[in-house]
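Reproduced below: target_20.csv, with CSV, C-alpha atoms (C1' of nucleotides).
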```csv
chain,number,residue,atom,x,y,z
A,187,MET,CA,-57.1,-16.5,-23.3
A,188,VAL,CA,-59.6,-15.0,-25.6
A,189,PHE,CA,-62.2,-14.3,-22.9
A,190,PHE,CA,-60.1,-11.8,-21.0
A,191,GLN,CA,-60.3,-9.5,-23.9
A,192,SER,CA,-63.8,-10.2,-24.8
A,193,LYS,CA,-66.4,-7.6,-24.4
A,194,ILE,CA,-69.1,-9.1,-22.1
A,195,VAL,CA,-72.5,-7.8,-21.4
A,196,PHE,CA,-74.4,-9.1,-18.4
A,197,PHE,CA,-78.2,-9.1,-18.2
A,198,GLY,CA,-79.8,-9.7,-14.8
A,199,THR,CA,-82.0,-8.2,-12.1
A,200,PRO,CA,-82.8,-9.9,-8.8
A,201,GLU,CA,-80.7,-11.3,-6.0
A,202,PHE,CA,-80.2,-14.6,-7.9
A,203,ALA,CA,-78.5,-12.7,-10.8
A,204,GLY,CA,-76.5,-10.7,-8.2
A,205,ILE,CA,-74.9,-13.8,-6.8
A,206,VAL,CA,-73.9,-14.9,-10.2
A,207,LEU,CA,-72.6,-11.5,-11.2
A,208,GLU,CA,-70.5,-11.2,-8.1
A,209,SER,CA,-69.0,-14.6,-8.8
A,210,LEU,CA,-68.2,-13.6,-12.4
A,211,ILE,CA,-66.4,-10.5,-11.2
A,212,LYS,CA,-64.4,-12.4,-8.6
A,213,ASN,CA,-63.3,-14.9,-11.2
A,214,GLY,CA,-62.1,-12.5,-13.8
A,215,PHE,CA,-65.1,-12.2,-16.0
A,216,LYS,CA,-65.8,-8.6,-15.4
A,217,PRO,CA,-68.5,-7.5,-17.7
A,218,ASN,CA,-68.1,-4.3,-19.7
A,219,LEU,CA,-71.7,-3.4,-19.3
A,220,ILE,CA,-74.5,-4.4,-16.9
A,221,ILE,CA,-78.1,-4.3,-18.2
A,222,THR,CA,-80.8,-4.5,-15.6
A,223,GLN,CA,-84.4,-3.5,-15.1
A,224,PRO,CA,-85.2,0.1,-14.3
A,225,ASP,CA,-85.6,1.2,-10.7
A,226,GLN,CA,-89.1,0.5,-9.4
A,227,PRO,CA,-91.1,2.4,-6.9
A,228,LEU,CA,-91.2,0.0,-3.9
A,229,GLY,CA,-92.9,-0.2,-0.5
A,230,ARG,CA,-95.5,1.9,1.3
A,231,LYS,CA,-93.8,5.1,0.5
A,232,GLN,CA,-93.2,4.2,-3.1
A,233,LYS,CA,-89.5,4.7,-2.8
A,234,LEU,CA,-87.6,4.3,-6.0
A,235,THR,CA,-85.5,1.2,-5.4
A,236,SER,CA,-82.6,-0.2,-7.4
A,237,PRO,CA,-82.5,-3.9,-8.4
A,238,PRO,CA,-79.8,-5.9,-6.5
A,239,VAL,CA,-77.8,-6.3,-9.6
A,240,LYS,CA,-77.6,-2.5,-10.0
A,241,GLU,CA,-76.4,-2.1,-6.4
A,242,LEU,CA,-73.6,-4.6,-7.0
A,243,ALA,CA,-72.6,-3.1,-10.3
A,244,LEU,CA,-72.4,0.4,-8.7
A,245,SER,CA,-70.2,-0.8,-5.9
A,246,ASN,CA,-67.9,-2.4,-8.5
A,247,GLY,CA,-67.8,0.6,-10.7
A,248,LEU,CA,-69.4,-1.1,-13.7
A,249,LYS,CA,-71.2,0.6,-16.5
A,250,ILE,CA,-75.0,0.2,-16.1
A,251,ALA,CA,-77.9,0.5,-18.5
A,252,GLN,CA,-81.6,0.2,-17.5
A,253,PRO,CA,-83.6,0.2,-20.7
A,254,LYS,CA,-87.3,0.6,-20.2
A,255,ASN,CA,-88.3,-1.2,-23.3
A,256,LYS,CA,-87.1,-3.1,-26.3
A,257,ILE,CA,-86.5,0.1,-28.3
A,258,GLU,CA,-84.1,1.4,-25.7
A,259,LEU,CA,-82.5,-2.0,-25.5
A,260,LYS,CA,-81.8,-2.0,-29.3
A,261,LYS,CA,-80.1,1.4,-29.1
A,262,ILE,CA,-77.6,0.0,-26.7
A,263,PHE,CA,-76.6,-2.7,-29.1
A,264,GLU,CA,-76.4,-0.3,-32.0
A,265,LYS,CA,-73.7,1.7,-30.3
A,266,ASP,CA,-71.4,-1.0,-29.0
A,267,LYS,CA,-69.9,-4.1,-30.4
A,268,VAL,CA,-70.3,-7.0,-28.0
A,269,ASP,CA,-68.6,-10.4,-28.0
A,270,LEU,CA,-70.8,-12.3,-25.5
A,271,ALA,CA,-73.9,-11.7,-23.6
A,272,ILE,CA,-74.7,-13.6,-20.4
A,273,LEU,CA,-78.3,-13.4,-19.2
A,274,VAL,CA,-79.5,-14.5,-15.7
A,275,ALA,CA,-83.0,-13.7,-14.6
A,276,TYR,CA,-83.2,-10.4,-16.4
A,277,GLY,CA,-87.0,-10.0,-16.7
A,278,MET,CA,-87.6,-9.1,-20.3
A,279,ILE,CA,-87.7,-11.3,-23.4
A,280,ILE,CA,-84.8,-10.4,-25.7
A,281,PRO,CA,-85.9,-9.7,-29.3
A,282,ALA,CA,-84.5,-12.1,-31.9
A,283,GLU,CA,-82.5,-9.4,-33.7
A,284,ILE,CA,-80.6,-8.5,-30.5
A,285,LEU,CA,-79.9,-12.2,-29.8
A,286,LYS,CA,-77.8,-12.1,-33.0
A,287,LYS,CA,-75.8,-9.0,-32.1
A,288,PRO,CA,-73.0,-10.5,-29.9
A,289,VAL,CA,-70.4,-12.4,-31.8
A,290,TYR,CA,-70.8,-15.4,-29.5
A,291,GLY,CA,-74.5,-14.9,-28.9
A,292,PHE,CA,-76.3,-15.0,-25.6
A,293,LEU,CA,-75.8,-17.6,-22.9
A,294,ASN,CA,-78.5,-18.1,-20.3
A,295,LEU,CA,-78.2,-19.6,-16.9
A,296,HIS,CA,-81.6,-21.2,-16.1
A,297,PRO,CA,-82.3,-22.7,-12.6
A,298,SER,CA,-83.7,-26.0,-13.6
A,299,LEU,CA,-82.8,-29.2,-15.4
A,300,LEU,CA,-84.0,-28.2,-18.8
A,301,PRO,CA,-86.1,-29.1,-20.7
A,302,LYS,CA,-88.0,-29.4,-17.4
A,303,TYR,CA,-89.3,-26.3,-15.7
A,304,ARG,CA,-88.9,-23.8,-18.5
A,305,GLY,CA,-90.4,-20.3,-17.9
A,306,ALA,CA,-90.7,-17.8,-15.1
A,307,SER,CA,-90.7,-19.8,-11.9
A,308,PRO,CA,-88.6,-22.9,-12.2
A,309,ILE,CA,-87.4,-22.9,-8.6
A,310,GLN,CA,-90.8,-22.5,-7.1
A,311,GLY,CA,-92.2,-25.1,-9.5
A,312,ALA,CA,-89.6,-27.7,-8.4
A,313,ILE,CA,-90.4,-27.1,-4.7
A,314,LEU,CA,-94.1,-27.1,-5.2
A,315,ASN,CA,-94.0,-30.4,-7.1
A,316,GLY,CA,-91.9,-31.9,-4.4
A,317,GLU,CA,-88.9,-32.7,-6.6
A,318,GLU,CA,-86.0,-34.3,-4.9
A,319,LYS,CA,-83.6,-32.9,-7.3
A,320,THR,CA,-83.4,-29.9,-9.7
A,321,GLY,CA,-80.4,-28.1,-11.1
A,322,VAL,CA,-79.0,-25.4,-13.3
A,323,SER,CA,-78.6,-25.4,-17.0
A,324,ILE,CA,-76.5,-23.2,-19.3
A,325,ILE,CA,-78.1,-22.8,-22.7
A,326,LYS,CA,-77.4,-20.8,-25.8
A,327,MET,CA,-80.4,-18.6,-26.3
A,328,THR,CA,-82.6,-19.0,-29.3
A,329,GLU,CA,-85.8,-17.3,-30.3
A,330,VAL,CA,-87.9,-19.7,-28.3
A,331,VAL,CA,-87.6,-18.9,-24.6
A,332,ASP,CA,-85.6,-21.5,-22.6
A,333,ALA,CA,-85.4,-23.9,-25.5
A,334,GLY,CA,-81.9,-23.4,-26.8
A,335,PRO,CA,-79.2,-26.1,-26.9
A,336,ILE,CA,-77.6,-27.1,-23.6
A,337,LEU,CA,-73.9,-26.4,-23.0
A,338,ASN,CA,-73.7,-27.6,-19.4
A,339,GLN,CA,-75.9,-28.8,-16.6
A,340,GLU,CA,-75.5,-29.7,-13.0
A,341,VAL,CA,-77.9,-31.5,-10.6
A,342,VAL,CA,-78.7,-29.9,-7.2
A,343,ALA,CA,-80.5,-31.8,-4.5
A,344,VAL,CA,-83.7,-30.3,-3.0
A,345,ASP,CA,-83.7,-30.5,0.8
A,346,LYS,CA,-86.9,-31.3,2.6
A,347,ASN,CA,-86.6,-27.9,4.3
A,348,ASP,CA,-85.5,-25.9,1.3
A,349,ASN,CA,-87.6,-22.8,0.5
A,350,ASN,CA,-87.4,-20.5,-2.4
A,351,GLU,CA,-84.5,-18.5,-0.9
A,352,THR,CA,-82.3,-21.3,0.3
A,353,LEU,CA,-82.7,-23.3,-2.9
A,354,SER,CA,-82.2,-20.2,-5.0
A,355,ARG,CA,-78.9,-19.5,-3.2
A,356,LYS,CA,-77.7,-23.1,-3.8
A,357,LEU,CA,-78.7,-22.9,-7.5
A,358,ALA,CA,-77.0,-19.5,-7.9
A,359,GLU,CA,-73.8,-20.8,-6.4
A,360,VAL,CA,-73.7,-24.0,-8.5
A,361,GLY,CA,-74.8,-22.0,-11.5
A,362,SER,CA,-72.0,-19.5,-11.0
A,363,LYS,CA,-69.5,-22.3,-10.8
A,364,ILE,CA,-70.5,-24.1,-14.0
A,365,LEU,CA,-70.8,-20.7,-15.8
A,366,ILE,CA,-67.2,-19.9,-15.0
A,367,GLU,CA,-66.1,-23.3,-16.2
A,368,THR,CA,-68.2,-23.2,-19.3
A,369,ILE,CA,-67.6,-19.7,-20.6
A,370,PRO,CA,-63.9,-20.2,-21.6
A,371,LEU,CA,-64.6,-23.6,-23.1
A,372,TYR,CA,-67.5,-22.1,-25.1
A,373,LEU,CA,-65.4,-19.2,-26.4
A,374,GLU,CA,-62.7,-21.6,-27.4
A,375,GLY,CA,-65.2,-23.7,-29.3
A,376,LYS,CA,-64.7,-26.8,-27.1
A,377,ILE,CA,-68.3,-27.3,-26.0
A,378,LYS,CA,-70.7,-29.8,-27.5
A,379,PHE,CA,-74.3,-28.7,-27.6
A,380,ILE,CA,-77.0,-31.0,-26.6
A,381,ASN,CA,-80.4,-30.2,-28.0
A,382,GLN,CA,-83.3,-30.2,-25.7
A,383,ASN,CA,-85.8,-33.0,-26.0
A,384,GLU,CA,-89.0,-31.1,-26.7
A,385,SER,CA,-91.3,-33.9,-25.7
A,386,LEU,CA,-90.0,-33.7,-22.1
A,387,ALA,CA,-90.4,-30.0,-21.8
A,388,SER,CA,-92.5,-28.6,-18.9
A,389,PHE,CA,-93.4,-25.0,-18.2
A,390,THR,CA,-93.9,-22.7,-15.3
A,391,GLN,CA,-95.8,-19.4,-15.1
A,392,ILE,CA,-95.2,-16.1,-13.5
A,393,ILE,CA,-96.2,-16.3,-9.9
A,394,LYS,CA,-99.2,-14.2,-9.0
A,395,ARG,CA,-100.4,-13.2,-5.5
A,396,GLN,CA,-103.4,-15.6,-5.9
A,397,ASP,CA,-100.9,-18.5,-6.0
A,398,GLY,CA,-100.3,-17.9,-2.3
A,399,GLN,CA,-103.8,-18.6,-1.3
A,400,VAL,CA,-104.2,-21.8,0.7
A,401,ASP,CA,-106.8,-24.4,-0.6
A,402,TRP,CA,-107.7,-26.4,2.5
A,403,GLN,CA,-108.8,-29.2,0.3
A,404,LYS,CA,-105.2,-29.9,-0.5
A,405,SER,CA,-103.0,-32.1,1.7
A,406,ALA,CA,-101.1,-30.8,4.6
A,407,ASP,CA,-97.9,-31.9,2.8
A,408,PHE,CA,-98.8,-29.8,-0.2
A,409,LEU,CA,-99.4,-26.7,2.0
A,410,ASP,CA,-95.9,-27.1,3.4
A,411,ARG,CA,-94.5,-27.2,-0.1
A,412,GLN,CA,-96.6,-24.2,-1.1
A,413,LYS,CA,-95.3,-22.3,1.9
A,414,ARG,CA,-91.7,-23.1,1.0
A,415,ALA,CA,-92.1,-22.4,-2.7
A,416,PHE,CA,-93.6,-19.0,-2.2
A,417,SER,CA,-91.7,-18.1,0.9
A,418,SER,CA,-90.3,-14.8,-0.4
A,419,TRP,CA,-93.4,-13.7,-2.3
A,420,PRO,CA,-96.4,-13.9,-2.1
A,421,GLY,CA,-96.1,-16.2,0.9
A,422,ILE,CA,-99.2,-18.2,1.8
A,423,PHE,CA,-102.4,-16.9,3.2
A,424,THR,CA,-106.0,-17.7,3.9
A,425,HIS,CA,-109.1,-15.6,4.6
A,426,LEU,CA,-110.7,-14.8,7.9
A,427,GLY,CA,-113.9,-12.9,7.1
A,428,GLN,CA,-112.9,-10.1,4.8
A,429,LYS,CA,-109.4,-10.1,6.1
A,430,ARG,CA,-106.3,-11.9,4.8
A,431,LEU,CA,-104.5,-14.1,7.3
A,432,LYS,CA,-100.9,-14.6,6.3
A,433,ILE,CA,-99.3,-17.9,7.5
A,434,ALA,CA,-95.7,-17.2,8.2
A,435,ASN,CA,-94.9,-20.6,9.7
A,436,LEU,CA,-96.6,-23.9,10.0
A,437,SER,CA,-95.9,-27.5,10.9
A,438,VAL,CA,-97.5,-30.6,9.3
A,439,SER,CA,-99.3,-33.3,11.2
A,440,GLU,CA,-99.5,-36.3,8.9
A,441,GLY,CA,-102.1,-39.0,8.9
A,442,ASP,CA,-105.8,-38.9,9.0
A,443,PHE,CA,-106.5,-38.3,12.6
A,444,LYS,CA,-109.3,-35.8,13.2
A,445,ALA,CA,-111.1,-37.4,10.3
A,446,ASN,CA,-114.4,-36.1,11.6
A,447,LEU,CA,-113.5,-32.5,10.9
A,448,LYS,CA,-114.1,-30.7,7.6
A,449,SER,CA,-111.3,-29.4,5.4
A,450,GLY,CA,-110.4,-25.9,6.6
A,451,GLU,CA,-111.9,-26.4,10.0
A,452,VAL,CA,-110.0,-24.8,12.9
A,453,PHE,CA,-109.3,-26.8,15.9
A,454,LEU,CA,-107.3,-26.6,19.1
A,455,GLY,CA,-104.0,-28.3,18.5
A,456,PRO,CA,-101.4,-29.5,20.9
A,457,ASN,CA,-100.4,-26.9,23.6
A,458,SER,CA,-103.4,-24.8,22.7
A,459,GLY,CA,-102.0,-24.2,19.3
A,460,LEU,CA,-103.9,-23.0,16.3
A,461,ALA,CA,-104.5,-26.0,14.0
A,462,VAL,CA,-106.4,-26.5,10.8
A,463,LYS,CA,-107.7,-29.7,9.1
A,464,CYS,CA,-106.6,-30.2,5.6
A,465,GLY,CA,-107.8,-32.4,2.7
A,466,GLN,CA,-105.3,-34.9,4.1
A,467,GLY,CA,-103.7,-34.5,7.5
A,468,ALA,CA,-103.6,-31.2,9.3
A,469,VAL,CA,-101.4,-28.3,9.9
A,470,GLU,CA,-100.6,-26.2,13.0
A,471,LEU,CA,-100.2,-22.6,12.2
A,472,LYS,CA,-97.2,-21.6,14.2
A,473,THR,CA,-97.0,-18.0,13.2
A,474,VAL,CA,-99.7,-15.9,11.6
A,475,GLN,CA,-100.3,-12.3,10.7
A,476,LEU,CA,-103.7,-10.8,10.3
A,477,GLU,CA,-104.0,-7.9,7.8
A,478,GLY,CA,-102.9,-4.7,9.6
A,479,LYS,CA,-101.5,-6.6,12.6
A,480,LYS,CA,-98.1,-7.8,13.6
A,481,LYS,CA,-96.9,-11.3,13.3
A,482,MET,CA,-97.8,-13.5,16.3
A,483,THR,CA,-97.9,-17.1,17.3
A,484,GLY,CA,-101.0,-19.1,16.6
A,485,LYS,CA,-101.5,-19.5,20.3
A,486,ASP,CA,-101.5,-15.8,20.9
A,487,PHE,CA,-103.7,-15.2,17.9
A,488,LEU,CA,-106.3,-17.6,19.4
A,489,ARG,CA,-106.4,-15.6,22.6
A,490,GLY,CA,-107.9,-12.6,20.9
A,491,GLN,CA,-110.1,-14.8,18.6
A,492,LYS,CA,-111.9,-17.0,21.1
A,493,ASP,CA,-114.6,-18.1,18.7
A,494,LEU,CA,-112.3,-19.1,16.0
A,495,VAL,CA,-112.2,-22.8,16.9
A,496,GLY,CA,-114.8,-24.7,14.9
A,497,LYS,CA,-114.9,-22.1,12.1
A,498,ILE,CA,-114.2,-23.2,8.6
A,499,LEU,CA,-111.6,-21.3,6.6
A,500,LYS,CA,-112.7,-20.8,3.0
A,501,TYR,CA,-110.9,-20.7,-0.3
A,502,PHE,CA,-112.1,-18.2,-2.8
B,163,C,C1',-100.4,13.6,-1.8
B,164,G,C1',-101.4,5.5,-4.2
B,165,C,C1',-105.4,2.4,-0.8
B,166,G,C1',-106.3,0.5,4.1
B,167,G,C1',-105.8,-1.6,9.3
B,168,G,C1',-103.7,-0.7,14.1
B,169,G,C1',-101.2,1.4,19.0
B,170,U,C1',-105.7,-0.2,26.2
B,171,A,C1',-101.8,-4.9,32.2
B,172,G,C1',-96.1,-9.3,30.3
B,173,A,C1',-98.9,-11.5,25.5
B,174,G,C1',-103.5,-11.4,22.5
B,175,C,C1',-108.0,-8.7,22.4
B,176,A,C1',-112.9,-6.0,24.0
B,177,G,C1',-114.7,-1.3,25.5
B,178,U,C1',-116.3,4.1,21.8
B,179,A,C1',-118.5,10.1,26.9
B,180,G,C1',-119.6,8.7,33.3
B,181,C,C1',-115.7,3.2,38.8
B,182,A,C1',-110.6,0.4,32.7
B,183,G,C1',-112.5,-5.1,31.3
B,184,C,C1',-111.8,-10.4,29.1
B,185,U,C1',-108.6,-14.7,27.9
B,186,C,C1',-103.7,-16.3,28.8
B,187,G,C1',-99.4,-15.7,31.5
B,188,C,C1',-97.2,-14.2,36.4
B,189,C,C1',-97.3,-14.3,42.2
B,190,A,C1',-99.6,-16.7,46.6
B,191,G,C1',-102.7,-20.4,48.5
B,192,G,C1',-106.0,-24.7,47.9
B,193,C,C1',-107.6,-29.5,45.7
B,194,C,C1',-105.2,-33.9,43.8
B,195,C,C1',-101.2,-39.9,43.4
B,196,A,C1',-100.5,-36.1,39.8
B,197,U,C1',-100.9,-32.2,36.0
B,198,A,C1',-100.4,-27.7,30.9
B,199,A,C1',-106.6,-29.6,34.5
B,200,C,C1',-109.7,-27.4,38.5
B,201,C,C1',-110.9,-23.7,42.8
B,202,U,C1',-109.7,-19.1,45.7
B,203,G,C1',-107.1,-14.7,46.3
B,204,G,C1',-103.3,-11.1,44.4
B,205,A,C1',-99.8,-8.0,41.8
B,206,G,C1',-99.5,-5.4,37.3
B,207,G,C1',-102.3,0.4,33.1
B,208,U,C1',-99.8,8.2,33.0
B,209,C,C1',-105.6,3.6,27.6
B,210,G,C1',-98.9,5.9,21.5
B,211,U,C1',-97.6,11.7,22.2
B,212,G,C1',-99.2,16.9,22.4
B,213,G,C1',-103.1,20.2,22.2
B,214,G,C1',-108.7,21.3,22.0
B,215,U,C1',-114.2,20.7,23.3
B,216,G,C1',-117.2,18.9,27.7
B,217,C,C1',-119.2,19.0,34.5
B,218,A,C1',-116.7,14.6,32.8
B,219,A,C1',-112.5,12.0,27.4
B,220,C,C1',-109.8,5.4,26.3
B,221,U,C1',-114.2,7.3,24.0
B,222,C,C1',-115.5,13.4,20.3
B,223,C,C1',-112.1,17.3,17.3
B,224,C,C1',-107.0,18.8,15.5
B,225,A,C1',-101.8,17.8,14.9
B,226,C,C1',-97.8,14.6,15.4
B,227,C,C1',-95.0,9.8,16.3
B,228,C,C1',-94.7,4.5,15.8
B,229,C,C1',-96.2,-0.6,13.8
B,230,C,C1',-98.5,-3.3,9.9
B,231,G,C1',-101.4,-5.2,5.3
B,232,C,C1',-102.4,-4.1,0.1
B,233,A,C1',-100.7,-2.1,-4.3
B,234,A,C1',-96.0,-1.8,-7.3
```

Spit out the file's structure as structure tokens when you get a sec.
Amino acid sequence: MVFFQSKIVFFGTPEFAGIVLESLIKNGFKPNLIITQPDQPLGRKQKLTSPPVKELALSNGLKIAQPKNKIELKKIFEKDKVDLAILVAYGMIIPAEILKKPVYGFLNLHPSLLPKYRGASPIQGAILNGEEKTGVSIIKMTEVVDAGPILNQEVVAVDKNDNNETLSRKLAEVGSKILIETIPLYLEGKIKFINQNESLASFTQIIKRQDGQVDWQKSADFLDRQKRAFSSWPGIFTHLGQKRLKIANLSVSEGDFKANLKSGEVFLGPNSGLAVKCGQGAVELKTVQLEGKKKMTGKDFLRGQKDLVGKILKYF
RNA sequence: CGCGGGGUAGAGCAGUAGCAGCUCGCCAGGCCCAUAACCUGGAGGUCGUGGGUGCAACUCCCACCCCCGCAA
């Protein structure tokens, strides 16, 4: 049982990594050191906030390091000998020289069926593209990000109602499970590596606020996927004059009724709801929030915006 | 001192010194085969809190509390 004596370092930052870390701890893979991103000033008051992984590490009495840059990261690996590093959504690219430091290298849990959806937003990417299935992959990290050989992989179905959070949770749970199965086998040398087929690789980018803006030329169905993909951040929004209108909840009306309306035109939906024509189909905005205001139903919103019906929402 | 919006009837908003209003909801009545439609009437507000200036403050000034968007 070589892994019980192994010195393991865990790299991770957000909630997703927290779920995996918690599972590792419960199953006897208690890391000797947790490396996570530095605390960030968050919120209106710029409160210094710890990443979820740090909170979890603290409550489990684990040693924590929060290097601010690659130089500080290197120092950590100069001091200590490490057998294995496990990296899950850490948030910094690991320099090649550090990848070589642990005896057994770095394993990475990536929430997609590699080589598809490499990069920063695999979960959102899968939802946005309407994939019916995605999954998790464990790879051995190489210099090229997300391109290392695959140790294990498991498919996870994407539900029609899955959003970023719900799918992340599923993937984190399945990922934890296969990670726990795979680590011992890997350390005992019983794993066969499968090289990724580079010709099938696809990439996802870091999500920016702008990705949440609604383009009314797109189909209603796409908007629904966009809403689900970016549900935690940045959400989806459109513009009303100079102000941003966040769309917290919407429902899709399929088909091409209201064909006489222009894309982005506001009309009175069923039950006096707030509805908008899309490139294809239409959506009813169930819950909206105007900049500086509280969330409210589309119906309530219309009451204070009587001249809204007939206006055309723009995409900048 | 990061930037900014807001707190007025149950809900959403307008009003920016001189009787507190609109849409919806609610209550009562009417019309109708009928209705979420339409008509008539009605209830419901210490205009976030505390001070100040004014003959007069929701409105101007000061302080404070609360809610929210951006940024990160």

Taking 2 positions as the minimum chain separation for residues in the same chain, which residues sit within 6 Å of region 196-211 of chain B when counting only C-alpha atoms (C1' of nucleotides)? Answer as a compact mmCIF listing (two decimals) with C-alpha atoms (C1' of nucleotides), in the frame of the given file.
```txt
# COMPACT_ATOMS: atom_id res chain seq x y z
C1' G B 169 -101.20 1.40 19.00
C1' U B 170 -105.70 -0.20 26.20
C1' A B 171 -101.80 -4.90 32.20
C1' C B 220 -109.80 5.40 26.30
```

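In chain A, the set of residues within 8 Å of chain B (atoms considered: all atoms listed in the file) is Gln226, Pro227, Leu228, Gly229, Gln232, Asn457, Leu476, Glu477, Gly478, Lys479, Lys480, Asp486, Phe487, Leu488, Arg489, Gly490, Gln491 and Lys492 of chain A.
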
Would you put the residues from that selection into a file with C-alpha atoms, as an mmCIF file, in the frame of the given file?
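Listing of result24.cif after writing:
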```cif
data_model
loop_
_atom_site.group_PDB
_atom_site.id
_atom_site.type_symbol
_atom_site.label_atom_id
_atom_site.label_comp_id
_atom_site.auth_asym_id
_atom_site.auth_seq_id
_atom_site.Cartn_x
_atom_site.Cartn_y
_atom_site.Cartn_z
ATOM 1 C CA GLN A 226 -89.100 0.500 -9.400
ATOM 2 C CA PRO A 227 -91.100 2.400 -6.900
ATOM 3 C CA LEU A 228 -91.200 0.000 -3.900
ATOM 4 C CA GLY A 229 -92.900 -0.200 -0.500
ATOM 5 C CA GLN A 232 -93.200 4.200 -3.100
ATOM 6 C CA ASN A 457 -100.400 -26.900 23.600
ATOM 7 C CA LEU A 476 -103.700 -10.800 10.300
ATOM 8 C CA GLU A 477 -104.000 -7.900 7.800
ATOM 9 C CA GLY A 478 -102.900 -4.700 9.600
ATOM 10 C CA LYS A 479 -101.500 -6.600 12.600
ATOM 11 C CA LYS A 480 -98.100 -7.800 13.600
ATOM 12 C CA ASP A 486 -101.500 -15.800 20.900
ATOM 13 C CA PHE A 487 -103.700 -15.200 17.900
ATOM 14 C CA LEU A 488 -106.300 -17.600 19.400
ATOM 15 C CA ARG A 489 -106.400 -15.600 22.600
ATOM 16 C CA GLY A 490 -107.900 -12.600 20.900
ATOM 17 C CA GLN A 491 -110.100 -14.800 18.600
ATOM 18 C CA LYS A 492 -111.900 -17.000 21.100
#
```

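The space separating CA of Lys404 (chain A) from CA of Asn347 (chain A) comes to 19.3 Å.
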
List the neighbours of Asp407 (chain A) out to 9 Å using all atoms listed in the file; skip same-chain residues closer than 5 positions along the sequence, and give me the result as a list of chain:residue names. A:Gln412, A:Val438, A:Ser439, A:Glu440, A:Gln466, A:Gly467, A:Ala468, A:Val469

Let's have the selection written as a PDB file, keeping the file's coordinate frame, with C-alpha atoms.
```
ATOM      1  CA  GLN A 412     -96.600 -24.200  -1.100  1.00  0.00           C
ATOM      2  CA  VAL A 438     -97.500 -30.600   9.300  1.00  0.00           C
ATOM      3  CA  SER A 439     -99.300 -33.300  11.200  1.00  0.00           C
ATOM      4  CA  GLU A 440     -99.500 -36.300   8.900  1.00  0.00           C
ATOM      5  CA  GLN A 466    -105.300 -34.900   4.100  1.00  0.00           C
ATOM      6  CA  GLY A 467    -103.700 -34.500   7.500  1.00  0.00           C
ATOM      7  CA  ALA A 468    -103.600 -31.200   9.300  1.00  0.00           C
ATOM      8  CA  VAL A 469    -101.400 -28.300   9.900  1.00  0.00           C
TER       9      VAL A 469
END
```

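Excluding Met327 (chain A) and any residue on its chain fewer than 6 positions from it, the residues at most 8 Å away by only C-alpha atoms (C1' of nucleotides) are A:Leu285, A:Gly291, A:Phe292, A:Leu293, A:Asn294, A:Ala333, A:Gly334, A:Pro335.
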
List the neighbours of region 222-228 of chain B out to 10 Å using all atoms listed in the file; skip same-chain residues closer than 5 positions along the sequence, and give me the result as a PyMOL selection string. chain B and resi 169+178-179+210-216

Restrict the selected residues to C-alpha atoms (C1' of nucleotides) and save them as a PDB file, in the coordinates of the input.
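Result went into result-v8.pdb, see below:
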```pdb
ATOM      1  C1'   G B 169    -101.200   1.400  19.000  1.00  0.00           C
ATOM      2  C1'   U B 178    -116.300   4.100  21.800  1.00  0.00           C
ATOM      3  C1'   A B 179    -118.500  10.100  26.900  1.00  0.00           C
ATOM      4  C1'   G B 210     -98.900   5.900  21.500  1.00  0.00           C
ATOM      5  C1'   U B 211     -97.600  11.700  22.200  1.00  0.00           C
ATOM      6  C1'   G B 212     -99.200  16.900  22.400  1.00  0.00           C
ATOM      7  C1'   G B 213    -103.100  20.200  22.200  1.00  0.00           C
ATOM      8  C1'   G B 214    -108.700  21.300  22.000  1.00  0.00           C
ATOM      9  C1'   U B 215    -114.200  20.700  23.300  1.00  0.00           C
ATOM     10  C1'   G B 216    -117.200  18.900  27.700  1.00  0.00           C
TER      11        G B 216
END
```

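Taking CA of Ile262 (chain A) as the reference point, CA of Pro297 (chain A) is found at 27.1 Å.
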
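A straight line drawn from CA of Lys256 (chain A) to CA of Gln223 (chain A) is 11.5 Å long.
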